[in-house]
Amino acid sequence: MSILVYIEQRDGHVRPVAREALGEATRLAAALGGTVTGVYCGATDDGLTSLGEAGAAKVLVAKHEAFVRYDGAGYAAAVAAAARATNATLVLFGASSIGKDMAPRVAALLGVGLAADCTALTAKDGKLVARRPVMAGKAFETVGFPMSPAMATLRPKVFAPPAPQAGKTAEVAPLAFDWDAAAPRAIVTGTSGATGDRPDLTESEIIVSGGRGLKGPENFGLIEQLADALGATVGASRAVVDAGWRPHGDQVGQTGKTVSPKLYVAVGISGAIQHLAGMSSSRCIVAINKDADAPIFKVADYGLVGDLFEVVPALTEAIRKLH
Ligand SMILES: Cc1cc2nc3c(=O)[nH]c(=O)nc-3n(C[C@H](O)[C@H](O)[C@H](O)COP(=O)(O)OP(=O)(O)OC[C@H]3O[C@@H](n4cnc5c(N)ncnc54)[C@H](O)[C@@H]3O)c2cc1C
């Protein structure tokens, strides 16, 4: 196999989703035989040799001054060129905002299909198959890849990054690609995001999410304090986002972010199917709800039936004491 991995960066920093994709590529290359090449798009290319430690034998660099910001058409043209140059049989992306935007563009340029938001890739009778959630996470489907290259986006935090191979370096080489930067169809004029010390929801190991059970935005302090005690990021249900209690960037679910942290604490959230679609692949789910019949308890590993206004401060205090 010739496996190509899109090395996602933001502000020149390689994102965790890229390391997770490299980890899966390395595992598949070892199981099926093959090579792992990275493709990087950016305005600078510092420190890419170190991706050898993450399993990339080579990194192709599409360098362009316009690539200081994400450009869907330009990045996709470069990744498609890299797929052709390496005779890729498999192309992997993280299913991040950028991966979700770019992978379909690359698939269209190469005239192949795409398995989106995969949670497992395995070899069956020598052929690659992907497992992906469908129907808002209610079911999983297994898909094959009749065309080459196979293309997949990988759900963040589901695939393990590779064990570091200390001292190994990747060969870094420029990539030739064709793209007319002077005739863009769309231009990113700026980006804005949540500020603060907490990691992005999709990259967080621990998330504490609050729902309508909190009764009002003023009570989200309880969620913030529990999140601080756990070193977690704060999430929210759509009900509270629609009510204006939290920004849309905090929303977890079908029309919000898909998250797979090690620990997801749902506080005062009923567990509607659209919320579960975004968090049911979390490794450990803790639910706090006063209604013992709330659907969230069906997916929870640990359930706490009680009034959140009593339970959450006590839990926060207990966790602080542990530290
Ligand atoms: C097309 C579509 C897309 C959607 N996308 C999303 C999405 O992306 N994300 C999402 O979250 N939702 C989404 N929804 C909305 C979803 O259907 C639910 O309406 C929403 O998730 C409910 O939010 P909630 O659980 O906070 O509120 P509720 O359903 O009102 O639940 C509040 C919970 O708090 C509990 N509670 C109340 N008081 C206390 C207390 N004192 N102590 C403990 N527990 C208490 C209650 O028992 C209840 O279970 C979508 C809906 C549609 C139609």
# chains A, B, ... in the order shown; residues from 1 in each chain; ligands from 1
>>> residues_near_ligand(ligand="ligand 1", cutoff="8 Å", atoms="only C-alpha atoms and all ligand atoms", output="count of residues only")
43
>>> closest_atom_pairs(of="region 138-211 of chain A", to="region 85-91 of chain A", cutoff="8 Å", atoms="only C-alpha atoms", output="CSV")
residue,atom,partner,partner_atom,distance
A:Ser148,CA,A:Thr89,CA,5.6
A:Pro149,CA,A:Thr89,CA,4.1
A:Ala150,CA,A:Leu90,CA,4.6
A:Met151,CA,A:Val91,CA,4.8
A:Ala152,CA,A:Val91,CA,6.5
>>> write_last_selection(atoms="C-alpha atoms", output="mmCIF file, in the first residue's frame")
data_model
loop_
_atom_site.group_PDB
_atom_site.id
_atom_site.type_symbol
_atom_site.label_atom_id
_atom_site.label_comp_id
_atom_site.auth_asym_id
_atom_site.auth_seq_id
_atom_site.Cartn_x
_atom_site.Cartn_y
_atom_site.Cartn_z
ATOM 1 C CA SER A 148 -8.449 3.568 -5.797
ATOM 2 C CA PRO A 149 -7.252 5.433 -3.902
ATOM 3 C CA ALA A 150 -9.455 4.567 -0.937
ATOM 4 C CA MET A 151 -10.184 7.732 0.995
ATOM 5 C CA ALA A 152 -11.316 8.166 4.580
#
>>> closest_residue(among="A:Glu171, A:Glu218, A:Glu53, A:Glu203", to="Ala232 (chain A)", atoms="only C-alpha atoms")
A:Glu203
>>> select_by_dssp(residues="region 83-308 of chain A", states="strand (DSSP E or B)", output="VMD selection string")
chain A and resid 90 to 94 115 to 118 120 to 124 127 to 134 139 to 144 150 to 154 171 to 174 206 to 210 233 to 236 251 to 252 257 263 to 267 284 to 289 302 to 305
>>> closest_residue(among="A:Arg155, A:Arg131, A:Lys168, A:Arg185", to="Gly99 (chain A)", atoms="only C-alpha atoms")
A:Arg155
>>> closest_residue(among="A:Leu32, A:Ala57, A:Ala43, A:Ala227", to="Asp197 (chain A)", atoms="only C-alpha atoms")
A:Ala227
>>> residues_around(residues="Met102 (chain A)", least_positions_apart="4", cutoff="6 Å", atoms="only C-alpha atoms", output="ChimeraX atom specification")
/A:72,76,98
>>> residues_around(residues="Arg84 (chain A)", least_positions_apart="6", cutoff="12 Å", atoms="only C-alpha atoms", output="VMD selection string")
chain A and resid 2 to 4 39 77 to 78 90 to 91 106 109 to 111 148 to 149 175 to 177
>>> write_last_selection(atoms="all heavy atoms", output="CSV table (one decimal), in the first residue's frame")
chain,number,residue,atom,x,y,z
A,2,SER,N,0.4,2.3,-0.7
A,2,SER,CA,1.0,3.6,-0.6
A,2,SER,C,0.0,4.5,0.1
A,2,SER,O,-1.0,4.8,-0.4
A,2,SER,CB,1.3,4.1,-2.0
A,2,SER,OG,1.7,5.5,-1.9
A,3,ILE,N,0.3,4.8,1.4
A,3,ILE,CA,-0.6,5.5,2.2
A,3,ILE,C,-0.2,7.0,2.3
A,3,ILE,O,0.9,7.3,2.7
A,3,ILE,CB,-0.8,4.9,3.6
A,3,ILE,CG1,-1.0,3.4,3.6
A,3,ILE,CG2,-1.8,5.6,4.4
A,3,ILE,CD1,-1.1,2.7,4.9
A,4,LEU,N,-1.1,7.9,2.0
A,4,LEU,CA,-0.9,9.3,2.1
A,4,LEU,C,-1.7,9.9,3.2
A,4,LEU,O,-2.9,9.6,3.3
A,4,LEU,CB,-1.3,10.0,0.8
A,4,LEU,CG,-1.0,11.5,0.6
A,4,LEU,CD1,0.5,11.7,0.6
A,4,LEU,CD2,-1.7,12.1,-0.6
A,39,VAL,N,1.4,14.7,3.5
A,39,VAL,CA,1.4,15.8,2.7
A,39,VAL,C,1.0,17.0,3.5
A,39,VAL,O,0.0,17.0,4.2
A,39,VAL,CB,0.5,15.6,1.4
A,39,VAL,CG1,-0.9,15.2,1.8
A,39,VAL,CG2,0.4,16.9,0.6
A,77,ALA,N,-6.2,20.9,-4.2
A,77,ALA,CA,-5.4,20.7,-5.4
A,77,ALA,C,-4.0,20.1,-5.1
A,77,ALA,O,-3.5,19.2,-5.7
A,77,ALA,CB,-5.2,22.0,-6.1
A,78,ALA,N,-3.4,20.6,-4.0
A,78,ALA,CA,-2.1,20.0,-3.6
A,78,ALA,C,-2.2,18.6,-3.1
A,78,ALA,O,-1.4,17.7,-3.5
A,78,ALA,CB,-1.5,20.9,-2.4
A,90,LEU,N,-4.3,4.7,-0.5
A,90,LEU,CA,-5.2,5.1,0.6
A,90,LEU,C,-4.8,6.5,1.0
A,90,LEU,O,-3.6,6.8,1.2
A,90,LEU,CB,-5.0,4.1,1.8
A,90,LEU,CG,-5.6,4.5,3.1
A,90,LEU,CD1,-7.2,4.6,3.0
A,90,LEU,CD2,-5.3,3.5,4.3
A,91,VAL,N,-5.8,7.4,1.2
A,91,VAL,CA,-5.5,8.7,1.6
A,91,VAL,C,-6.4,9.0,2.9
A,91,VAL,O,-7.6,8.7,2.9
A,91,VAL,CB,-5.9,9.8,0.5
A,91,VAL,CG1,-5.5,11.2,1.0
A,91,VAL,CG2,-5.3,9.5,-0.8
A,106,VAL,N,-11.0,16.7,-2.5
A,106,VAL,CA,-9.9,15.8,-3.0
A,106,VAL,C,-10.6,14.6,-3.7
A,106,VAL,O,-10.2,14.2,-4.8
A,106,VAL,CB,-8.9,15.4,-1.9
A,106,VAL,CG1,-7.9,14.5,-2.5
A,106,VAL,CG2,-8.3,16.6,-1.3
A,109,LEU,N,-11.8,15.6,-7.0
A,109,LEU,CA,-10.7,15.9,-8.0
A,109,LEU,C,-10.2,14.5,-8.5
A,109,LEU,O,-9.7,14.4,-9.6
A,109,LEU,CB,-9.6,16.7,-7.3
A,109,LEU,CG,-9.9,18.1,-7.0
A,109,LEU,CD1,-8.8,18.8,-6.2
A,109,LEU,CD2,-10.1,18.9,-8.4
A,110,LEU,N,-10.1,13.5,-7.6
A,110,LEU,CA,-9.6,12.2,-8.0
A,110,LEU,C,-10.7,11.3,-8.6
A,110,LEU,O,-10.3,10.2,-9.1
A,110,LEU,CB,-8.9,11.5,-6.8
A,110,LEU,CG,-7.7,12.3,-6.2
A,110,LEU,CD1,-7.2,11.5,-5.0
A,110,LEU,CD2,-6.6,12.4,-7.3
A,111,GLY,N,-11.9,11.7,-8.5
A,111,GLY,CA,-13.0,10.9,-9.0
A,111,GLY,C,-13.2,9.6,-8.3
A,111,GLY,O,-13.6,8.5,-8.8
A,148,SER,N,-9.8,3.2,-6.4
A,148,SER,CA,-8.4,3.6,-5.8
A,148,SER,C,-8.1,5.0,-6.2
A,148,SER,O,-8.3,5.4,-7.4
A,148,SER,CB,-7.4,2.6,-6.3
A,148,SER,OG,-6.2,2.9,-5.7
A,149,PRO,N,-7.5,5.8,-5.3
A,149,PRO,CA,-7.3,5.4,-3.9
A,149,PRO,C,-8.5,5.4,-3.0
A,149,PRO,O,-9.5,6.1,-3.3
A,149,PRO,CB,-6.3,6.6,-3.4
A,149,PRO,CG,-6.7,7.8,-4.3
A,149,PRO,CD,-7.1,7.2,-5.6
A,175,LEU,N,6.5,19.7,-3.1
A,175,LEU,CA,5.5,19.1,-4.0
A,175,LEU,C,5.1,20.0,-5.1
A,175,LEU,O,4.8,21.2,-4.9
A,175,LEU,CB,4.2,18.8,-3.1
A,175,LEU,CG,3.0,18.3,-3.9
A,175,LEU,CD1,3.2,16.8,-4.3
A,175,LEU,CD2,1.7,18.4,-3.0
A,176,ALA,N,5.2,19.5,-6.3
A,176,ALA,CA,4.7,20.3,-7.5
A,176,ALA,C,3.2,20.2,-7.6
A,176,ALA,O,2.7,19.0,-7.6
A,176,ALA,CB,5.4,19.8,-8.7
A,177,PHE,N,2.5,21.3,-7.7
A,177,PHE,CA,1.0,21.2,-7.8
A,177,PHE,C,0.6,22.4,-8.6
A,177,PHE,O,1.2,23.4,-8.6
A,177,PHE,CB,0.3,21.1,-6.5
A,177,PHE,CG,0.5,22.3,-5.6
A,177,PHE,CD1,-0.6,23.2,-5.4
A,177,PHE,CD2,1.6,22.6,-4.9
A,177,PHE,CE1,-0.5,24.3,-4.6
A,177,PHE,CE2,1.8,23.7,-4.1
A,177,PHE,CZ,0.7,24.6,-4.0
>>> atom_distance(atom1="CA of Ala107 (chain A)", atom2="CA of Arg27 (chain A)")
23.1 Å
>>> residues_around(residues="Arg15 (chain A)", least_positions_apart="6", cutoff="12 Å", atoms="only C-alpha atoms", output="PyMOL selection string")
chain A and resi 6-9+21-22+40+51+93-99+156-157+161+199-200+202-203
>>> closest_residue(among="A:Lys124, A:Arg198, A:His64, A:Arg246", to="Asp45 (chain A)", atoms="only C-alpha atoms")
A:His64
>>> closest_residue(among="A:Cys41, A:Leu230, A:Val172, A:Ala29", to="Val68 (chain A)", atoms="only C-alpha atoms")
A:Cys41
>>> atom_distance(atom1="CA of Tyr264 (chain A)", atom2="CA of Ile285 (chain A)")
4.8 Å
>>> atom_distance(atom1="CA of Val158 (chain A)", atom2="CA of Thr119 (chain A)")
6.3 Å
>>> closest_residue(among="A:Leu226, A:Ala139, A:Met147, A:Leu201", to="Gly113 (chain A)", atoms="only C-alpha atoms")
A:Met147
>>> select_by_dssp(residues="region 20-229 of chain A", states="helix (DSSP H, G or I)", output="JSON, numbers by chain")
{"A": [20, 21, 22, 23, 24, 25, 26, 27, 28, 29, 30, 31, 32, 48, 49, 50, 51, 52, 53, 54, 65, 66, 67, 68, 72, 73, 74, 75, 76, 77, 78, 79, 80, 81, 82, 83, 84, 85, 97, 98, 99, 100, 101, 102, 103, 104, 105, 106, 107, 108, 109, 110, 201, 202, 203, 212, 213, 214, 217, 218, 219, 220, 221, 222, 223, 224, 225, 226, 227, 228, 229]}
>>> residues_around(residues="Thr44 (chain A)", least_positions_apart="3", cutoff="12 Å", atoms="only C-alpha atoms", output="CSV table (one decimal) with N, CA and C atoms, in the first residue's frame")
chain,number,residue,atom,x,y,z
A,9,GLN,N,-2.4,21.4,9.8
A,9,GLN,CA,-1.7,22.3,10.7
A,9,GLN,C,-2.6,23.5,11.0
A,10,ARG,N,-2.4,24.2,12.0
A,10,ARG,CA,-3.0,25.5,12.3
A,10,ARG,C,-1.9,26.4,12.8
A,11,ASP,N,-1.7,27.5,12.2
A,11,ASP,CA,-0.7,28.5,12.6
A,11,ASP,C,0.7,27.8,12.6
A,12,GLY,N,0.9,26.8,11.6
A,12,GLY,CA,2.1,26.1,11.5
A,12,GLY,C,2.3,25.0,12.5
A,13,HIS,N,1.4,24.8,13.4
A,13,HIS,CA,1.5,23.7,14.3
A,13,HIS,C,0.7,22.4,13.8
A,14,VAL,N,1.4,21.3,13.8
A,14,VAL,CA,0.7,20.1,13.4
A,14,VAL,C,-0.3,19.7,14.4
A,40,TYR,N,1.8,18.1,3.4
A,40,TYR,CA,1.6,19.3,4.3
A,40,TYR,C,1.4,20.5,3.4
A,41,CYS,N,0.4,21.3,3.7
A,41,CYS,CA,0.2,22.5,3.0
A,41,CYS,C,0.4,23.7,4.0
A,47,GLY,N,10.3,22.2,10.9
A,47,GLY,CA,10.2,21.0,11.9
A,47,GLY,C,9.5,19.8,11.3
A,48,LEU,N,9.4,19.7,10.0
A,48,LEU,CA,8.6,18.6,9.5
A,48,LEU,C,9.4,17.2,9.5
A,61,VAL,N,5.8,18.7,0.7
A,61,VAL,CA,5.3,20.0,1.2
A,61,VAL,C,4.8,20.9,0.1
A,62,ALA,N,3.6,21.3,0.2
A,62,ALA,CA,3.0,22.3,-0.8
A,62,ALA,C,3.1,23.6,-0.1
A,63,LYS,N,4.1,24.4,-0.5
A,63,LYS,CA,4.4,25.7,0.2
A,63,LYS,C,3.8,26.8,-0.7
A,64,HIS,N,3.1,27.7,-0.1
A,64,HIS,CA,2.5,28.8,-0.9
A,64,HIS,C,2.2,29.9,0.1
A,65,GLU,N,2.5,31.2,-0.3
A,65,GLU,CA,2.3,32.3,0.7
A,65,GLU,C,0.8,32.4,1.0
A,66,ALA,N,-0.1,32.0,0.1
A,66,ALA,CA,-1.5,32.1,0.4
A,66,ALA,C,-2.0,31.0,1.4
A,67,PHE,N,-1.1,30.0,1.6
A,67,PHE,CA,-1.4,28.9,2.5
A,67,PHE,C,-1.2,29.3,4.0
A,68,VAL,N,-1.0,30.6,4.3
A,68,VAL,CA,-0.9,31.0,5.7
A,68,VAL,C,-2.2,30.8,6.3
A,69,ARG,N,-3.3,30.8,5.5
A,69,ARG,CA,-4.6,30.4,6.0
A,69,ARG,C,-5.2,29.2,5.2
A,174,PRO,N,9.8,19.1,-1.7
A,174,PRO,CA,8.7,20.0,-2.2
A,174,PRO,C,7.8,19.2,-3.1
